[in-house]
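This is upload.cif. It holds mmCIF, N, CA and C atoms.
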data_start
#
loop_
_atom_site.label_atom_id
_atom_site.label_comp_id
_atom_site.auth_asym_id
_atom_site.auth_seq_id
_atom_site.Cartn_x
_atom_site.Cartn_y
_atom_site.Cartn_z
N MET A 178 0.84 -1.18 0.00
CA MET A 178 0.00 0.00 0.00
C MET A 178 0.88 1.24 0.00
N ALA A 179 0.61 2.15 -0.89
CA ALA A 179 1.42 3.35 -1.02
C ALA A 179 0.98 4.41 -0.02
N ASN A 180 1.95 5.08 0.60
CA ASN A 180 1.64 6.18 1.51
C ASN A 180 1.40 7.44 0.70
N LYS A 181 0.36 8.17 1.06
CA LYS A 181 0.00 9.36 0.30
C LYS A 181 0.54 10.63 0.93
N SER A 182 1.36 10.51 1.95
CA SER A 182 1.91 11.69 2.59
C SER A 182 3.43 11.61 2.61
N ILE A 183 4.04 12.75 2.72
CA ILE A 183 5.50 12.81 2.77
C ILE A 183 6.01 12.15 4.05
N THR A 184 5.37 12.44 5.17
CA THR A 184 5.81 11.84 6.42
C THR A 184 5.55 10.34 6.42
N GLY A 185 4.48 9.90 5.79
CA GLY A 185 4.21 8.47 5.68
C GLY A 185 5.26 7.76 4.84
N ALA A 186 5.70 8.43 3.79
CA ALA A 186 6.75 7.85 2.95
C ALA A 186 8.06 7.72 3.73
N TYR A 187 8.37 8.75 4.53
CA TYR A 187 9.58 8.69 5.35
C TYR A 187 9.47 7.59 6.40
N GLU A 188 8.31 7.48 7.03
CA GLU A 188 8.12 6.48 8.08
C GLU A 188 8.14 5.06 7.54
N SER A 189 7.86 4.88 6.25
CA SER A 189 7.85 3.54 5.68
C SER A 189 9.24 3.06 5.25
N LEU A 190 10.24 3.93 5.35
CA LEU A 190 11.61 3.52 5.04
C LEU A 190 12.10 2.50 6.06
N PRO A 191 13.04 1.65 5.67
CA PRO A 191 13.61 0.70 6.63
C PRO A 191 14.30 1.43 7.80
N LYS A 192 14.24 0.82 8.97
CA LYS A 192 14.77 1.45 10.18
C LYS A 192 16.25 1.80 10.04
N VAL A 193 17.04 0.92 9.48
CA VAL A 193 18.48 1.17 9.33
C VAL A 193 18.72 2.39 8.45
N LEU A 194 17.97 2.52 7.36
CA LEU A 194 18.12 3.67 6.47
C LEU A 194 17.73 4.97 7.18
N LYS A 195 16.66 4.95 7.96
CA LYS A 195 16.25 6.15 8.68
C LYS A 195 17.29 6.56 9.72
N ILE A 196 17.91 5.60 10.37
CA ILE A 196 18.95 5.93 11.35
C ILE A 196 20.16 6.53 10.65
N ILE A 197 20.56 5.98 9.52
CA ILE A 197 21.68 6.54 8.76
C ILE A 197 21.35 7.95 8.28
N LEU A 198 20.15 8.16 7.77
CA LEU A 198 19.74 9.49 7.34
C LEU A 198 19.73 10.47 8.52
N GLN A 199 19.28 10.02 9.68
CA GLN A 199 19.27 10.89 10.86
C GLN A 199 20.68 11.27 11.29
N ILE A 200 21.61 10.33 11.20
CA ILE A 200 22.98 10.63 11.61
C ILE A 200 23.59 11.71 10.73
N PHE A 201 23.39 11.60 9.41
CA PHE A 201 24.04 12.54 8.49
C PHE A 201 23.20 13.77 8.15
N PHE A 202 21.89 13.63 8.08
CA PHE A 202 21.04 14.75 7.66
C PHE A 202 19.94 15.09 8.66
N GLY A 203 20.07 14.63 9.89
CA GLY A 203 19.06 14.84 10.91
C GLY A 203 18.77 16.29 11.20
N TYR A 204 19.77 17.16 11.04
CA TYR A 204 19.58 18.58 11.29
C TYR A 204 18.59 19.20 10.31
N LEU A 205 18.46 18.63 9.12
CA LEU A 205 17.47 19.10 8.15
C LEU A 205 16.17 18.30 8.22
N ILE A 206 16.29 17.01 8.38
CA ILE A 206 15.12 16.13 8.37
C ILE A 206 14.15 16.49 9.49
N GLY A 207 14.68 16.80 10.67
CA GLY A 207 13.82 17.10 11.81
C GLY A 207 12.89 18.28 11.55
N GLY A 208 13.42 19.37 11.05
CA GLY A 208 12.60 20.55 10.77
C GLY A 208 11.64 20.34 9.62
N ILE A 209 12.13 19.75 8.55
CA ILE A 209 11.28 19.51 7.38
C ILE A 209 10.17 18.52 7.71
N TYR A 210 10.49 17.49 8.47
CA TYR A 210 9.49 16.50 8.87
C TYR A 210 8.37 17.16 9.67
N ARG A 211 8.75 18.02 10.61
CA ARG A 211 7.74 18.67 11.45
C ARG A 211 6.87 19.63 10.64
N ILE A 212 7.45 20.34 9.70
CA ILE A 212 6.66 21.24 8.86
C ILE A 212 5.70 20.44 7.98
N CYS A 213 6.17 19.34 7.42
CA CYS A 213 5.27 18.48 6.63
C CYS A 213 4.20 17.86 7.51
N ARG A 214 4.54 17.49 8.73
CA ARG A 214 3.55 16.94 9.66
C ARG A 214 2.49 18.00 9.99
N PHE A 215 2.91 19.27 10.10
CA PHE A 215 1.95 20.35 10.33
C PHE A 215 0.94 20.44 9.19
N LEU A 216 1.42 20.30 7.96
CA LEU A 216 0.53 20.36 6.80
C LEU A 216 -0.51 19.25 6.83
N GLU A 217 -0.18 18.13 7.45
CA GLU A 217 -1.11 17.01 7.55
C GLU A 217 -2.04 17.12 8.75
N SER A 218 -1.50 17.57 9.90
CA SER A 218 -2.30 17.57 11.13
C SER A 218 -2.80 18.94 11.54
N GLU A 219 -2.21 20.00 11.01
CA GLU A 219 -2.55 21.39 11.31
C GLU A 219 -2.40 21.72 12.79
N ASN A 220 -1.41 21.12 13.44
CA ASN A 220 -1.08 21.42 14.83
C ASN A 220 -0.03 22.52 14.83
N ILE A 221 -0.37 23.70 15.33
CA ILE A 221 0.51 24.86 15.25
C ILE A 221 1.81 24.66 16.03
N VAL A 222 1.78 23.88 17.10
CA VAL A 222 2.99 23.62 17.88
C VAL A 222 4.02 22.88 17.02
N THR A 223 3.54 21.98 16.18
CA THR A 223 4.43 21.24 15.29
C THR A 223 5.09 22.18 14.28
N LEU A 224 4.34 23.15 13.76
CA LEU A 224 4.91 24.12 12.82
C LEU A 224 5.96 24.98 13.50
N VAL A 225 5.64 25.49 14.68
CA VAL A 225 6.60 26.34 15.40
C VAL A 225 7.87 25.55 15.72
N ALA A 226 7.72 24.31 16.15
CA ALA A 226 8.89 23.47 16.45
C ALA A 226 9.71 23.24 15.18
N GLY A 227 9.06 22.99 14.06
CA GLY A 227 9.78 22.78 12.80
C GLY A 227 10.57 24.00 12.37
N ILE A 228 9.97 25.17 12.50
CA ILE A 228 10.67 26.41 12.12
C ILE A 228 11.84 26.67 13.07
N LEU A 229 11.62 26.48 14.36
CA LEU A 229 12.71 26.69 15.32
C LEU A 229 13.85 25.71 15.13
N VAL A 230 13.54 24.48 14.79
CA VAL A 230 14.59 23.49 14.55
C VAL A 230 15.46 23.92 13.37
N LEU A 231 14.83 24.42 12.31
CA LEU A 231 15.60 24.84 11.14
C LEU A 231 16.35 26.15 11.38
N ALA A 232 15.84 27.01 12.27
CA ALA A 232 16.40 28.34 12.43
C ALA A 232 17.44 28.46 13.53
N THR A 233 17.45 27.56 14.50
CA THR A 233 18.37 27.70 15.63
C THR A 233 19.42 26.61 15.63
N GLY A 234 20.57 26.95 16.15
CA GLY A 234 21.68 25.99 16.18
C GLY A 234 21.60 25.04 17.36
N VAL A 235 21.47 25.58 18.58
CA VAL A 235 21.43 24.74 19.78
C VAL A 235 20.16 23.91 19.81
N GLY A 236 19.02 24.53 19.48
CA GLY A 236 17.76 23.79 19.42
C GLY A 236 17.83 22.68 18.40
N ASN A 237 18.51 22.93 17.31
CA ASN A 237 18.67 21.93 16.27
C ASN A 237 19.46 20.73 16.80
N LEU A 238 20.50 20.98 17.54
CA LEU A 238 21.32 19.89 18.10
C LEU A 238 20.51 19.06 19.09
N ILE A 239 19.75 19.72 19.95
CA ILE A 239 18.95 18.99 20.94
C ILE A 239 17.90 18.13 20.24
N VAL A 240 17.20 18.70 19.28
CA VAL A 240 16.16 17.96 18.57
C VAL A 240 16.77 16.84 17.73
N TRP A 241 17.95 17.08 17.16
CA TRP A 241 18.63 16.03 16.39
C TRP A 241 18.91 14.82 17.27
N ILE A 242 19.39 15.04 18.49
CA ILE A 242 19.65 13.94 19.41
C ILE A 242 18.35 13.23 19.79
N CYS A 243 17.30 14.01 20.08
CA CYS A 243 16.00 13.41 20.42
C CYS A 243 15.44 12.60 19.25
N ASP A 244 15.54 13.14 18.04
CA ASP A 244 15.03 12.43 16.87
C ASP A 244 15.81 11.14 16.62
N LEU A 245 17.12 11.19 16.77
CA LEU A 245 17.92 9.98 16.59
C LEU A 245 17.53 8.93 17.63
N TYR A 246 17.34 9.35 18.86
CA TYR A 246 16.94 8.42 19.92
C TYR A 246 15.56 7.82 19.64
N THR A 247 14.60 8.65 19.24
CA THR A 247 13.26 8.12 18.98
C THR A 247 13.21 7.25 17.73
N GLU A 248 14.06 7.52 16.76
CA GLU A 248 14.15 6.64 15.59
C GLU A 248 14.65 5.26 16.00
N ILE A 249 15.63 5.24 16.91
CA ILE A 249 16.18 3.97 17.36
C ILE A 249 15.18 3.21 18.21
N THR A 250 14.49 3.91 19.11
CA THR A 250 13.60 3.22 20.06
C THR A 250 12.18 3.02 19.53
N ALA A 251 11.59 4.04 18.91
CA ALA A 251 10.18 3.97 18.50
C ALA A 251 10.00 3.82 16.99
N ASN A 252 11.09 3.89 16.24
CA ASN A 252 11.08 3.77 14.77
C ASN A 252 10.30 4.90 14.09
N ARG A 253 10.22 6.05 14.75
CA ARG A 253 9.62 7.24 14.13
C ARG A 253 9.98 8.47 14.96
N ILE A 254 9.87 9.64 14.37
CA ILE A 254 10.10 10.89 15.07
C ILE A 254 8.85 11.20 15.89
N THR A 255 9.02 11.39 17.21
CA THR A 255 7.85 11.59 18.07
C THR A 255 7.88 12.89 18.85
N VAL A 256 9.03 13.47 19.12
CA VAL A 256 9.13 14.65 19.96
C VAL A 256 8.65 15.88 19.19
N LEU A 257 7.60 16.52 19.69
CA LEU A 257 7.00 17.72 19.10
C LEU A 257 6.62 17.51 17.63
N ALA A 258 6.21 16.31 17.28
CA ALA A 258 5.80 16.01 15.91
C ALA A 258 4.46 15.28 15.94
N ASP A 259 3.50 15.92 16.57
CA ASP A 259 2.19 15.28 16.74
C ASP A 259 1.27 15.60 15.59
#
Structure re-expressed in structure tokens:
Amino acid sequence: MANKSITGAYESLPKVLKIILQIFFGYLIGGIYRICRFLESENIVTLVAGILVLATGVGNLIVWICDLYTEITANRITVLAD
């Protein structure tokens, strides 16, 4: 079954590939994922978190670590991505 959303397509990738992508491109994936998730769920907190992740350096590092951890444990990005 094909996923009709960008976040669904990302979530359907194999776990190993998502972890590798998070290690090398997590600083971009986190913000873009949250903005795309906002377009699907219309949760304003998700949009603000996505913009802040892309715009700030320290916040980006913290969210990158959280996203990598949640990819390893829950197999999806969960922190502020509702």
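Atom pair atom N of Ala251 (chain A) / atom N of Gly234 (chain A): separated by 24.8 Å.
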Polymer residues at most 6.5 Å from region 206-216 of chain A, only N, CA and C atoms, same-chain spacing of 3 or more positions, as a ChimeraX atom specification: /A:184,202-203,219-221,223-224,226-228,230-231,257-259
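Among the candidate residues A:Glu217, A:Pro191, A:Thr247, A:Asn237, the one lying nearest to Leu205 (chain A) is A:Asn237, with distances computed using only N, CA and C atoms.
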Give the helix (DSSP H, G or I) residues of chain A, as assigned by DSSP on the backbone, as number ranges by chain. A: 183-188, 192-218, 221-232, 234-251
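Our summary of the geometry notes that CA of Lys192 (chain A) is positioned 12.0 Å from atom N of Leu245 (chain A).
Counting all atoms listed in the file and comparing A:Tyr204, A:Ala186, A:Val225, A:Val256, the residue that lies closest to Leu238 (chain A) is A:Tyr204.
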Ref. answer, residues at most 10 Å from (14.2, 11.8, 21.1) with only C-alpha atoms, as a tab-separated table (two decimals) with N, CA and C atoms, in the coordinates of the input:
chain	number	residue	atom	x	y	z
A	239	ILE	N	19.75	19.72	19.95
A	239	ILE	CA	18.95	18.99	20.94
A	239	ILE	C	17.90	18.13	20.24
A	240	VAL	N	17.20	18.70	19.28
A	240	VAL	CA	16.16	17.96	18.57
A	240	VAL	C	16.77	16.84	17.73
A	241	TRP	N	17.95	17.08	17.16
A	241	TRP	CA	18.63	16.03	16.39
A	241	TRP	C	18.91	14.82	17.27
A	242	ILE	N	19.39	15.04	18.49
A	242	ILE	CA	19.65	13.94	19.41
A	242	ILE	C	18.35	13.23	19.79
A	243	CYS	N	17.30	14.01	20.08
A	243	CYS	CA	16.00	13.41	20.42
A	243	CYS	C	15.44	12.60	19.25
A	244	ASP	N	15.54	13.14	18.04
A	244	ASP	CA	15.03	12.43	16.87
A	244	ASP	C	15.81	11.14	16.62
A	245	LEU	N	17.12	11.19	16.77
A	245	LEU	CA	17.92	9.98	16.59
A	245	LEU	C	17.53	8.93	17.63
A	246	TYR	N	17.34	9.35	18.86
A	246	TYR	CA	16.94	8.42	19.92
A	246	TYR	C	15.56	7.82	19.64
A	247	THR	N	14.60	8.65	19.24
A	247	THR	CA	13.26	8.12	18.98
A	247	THR	C	13.21	7.25	17.73
A	248	GLU	N	14.06	7.52	16.76
A	248	GLU	CA	14.15	6.64	15.59
A	248	GLU	C	14.65	5.26	16.00
A	249	ILE	N	15.63	5.24	16.91
A	249	ILE	CA	16.18	3.97	17.36
A	249	ILE	C	15.18	3.21	18.21
A	250	THR	N	14.49	3.91	19.11
A	250	THR	CA	13.60	3.22	20.06
A	250	THR	C	12.18	3.02	19.53
A	251	ALA	N	11.59	4.04	18.91
A	251	ALA	CA	10.18	3.97	18.50
A	251	ALA	C	10.00	3.82	16.99
A	253	ARG	N	10.22	6.05	14.75
A	253	ARG	CA	9.62	7.24	14.13
A	253	ARG	C	9.98	8.47	14.96
A	254	ILE	N	9.87	9.64	14.37
A	254	ILE	CA	10.10	10.89	15.07
A	254	ILE	C	8.85	11.20	15.89
A	255	THR	N	9.02	11.39	17.21
A	255	THR	CA	7.85	11.59	18.07
A	255	THR	C	7.88	12.89	18.85
A	256	VAL	N	9.03	13.47	19.12
A	256	VAL	CA	9.13	14.65	19.96
A	256	VAL	C	8.65	15.88	19.19
A	257	LEU	N	7.60	16.52	19.69
A	257	LEU	CA	7.00	17.72	19.10
A	257	LEU	C	6.62	17.51	17.63
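Separating atom C of Tyr187 (chain A) from atom N of Phe201 (chain A) is a distance of 14.8 Å.
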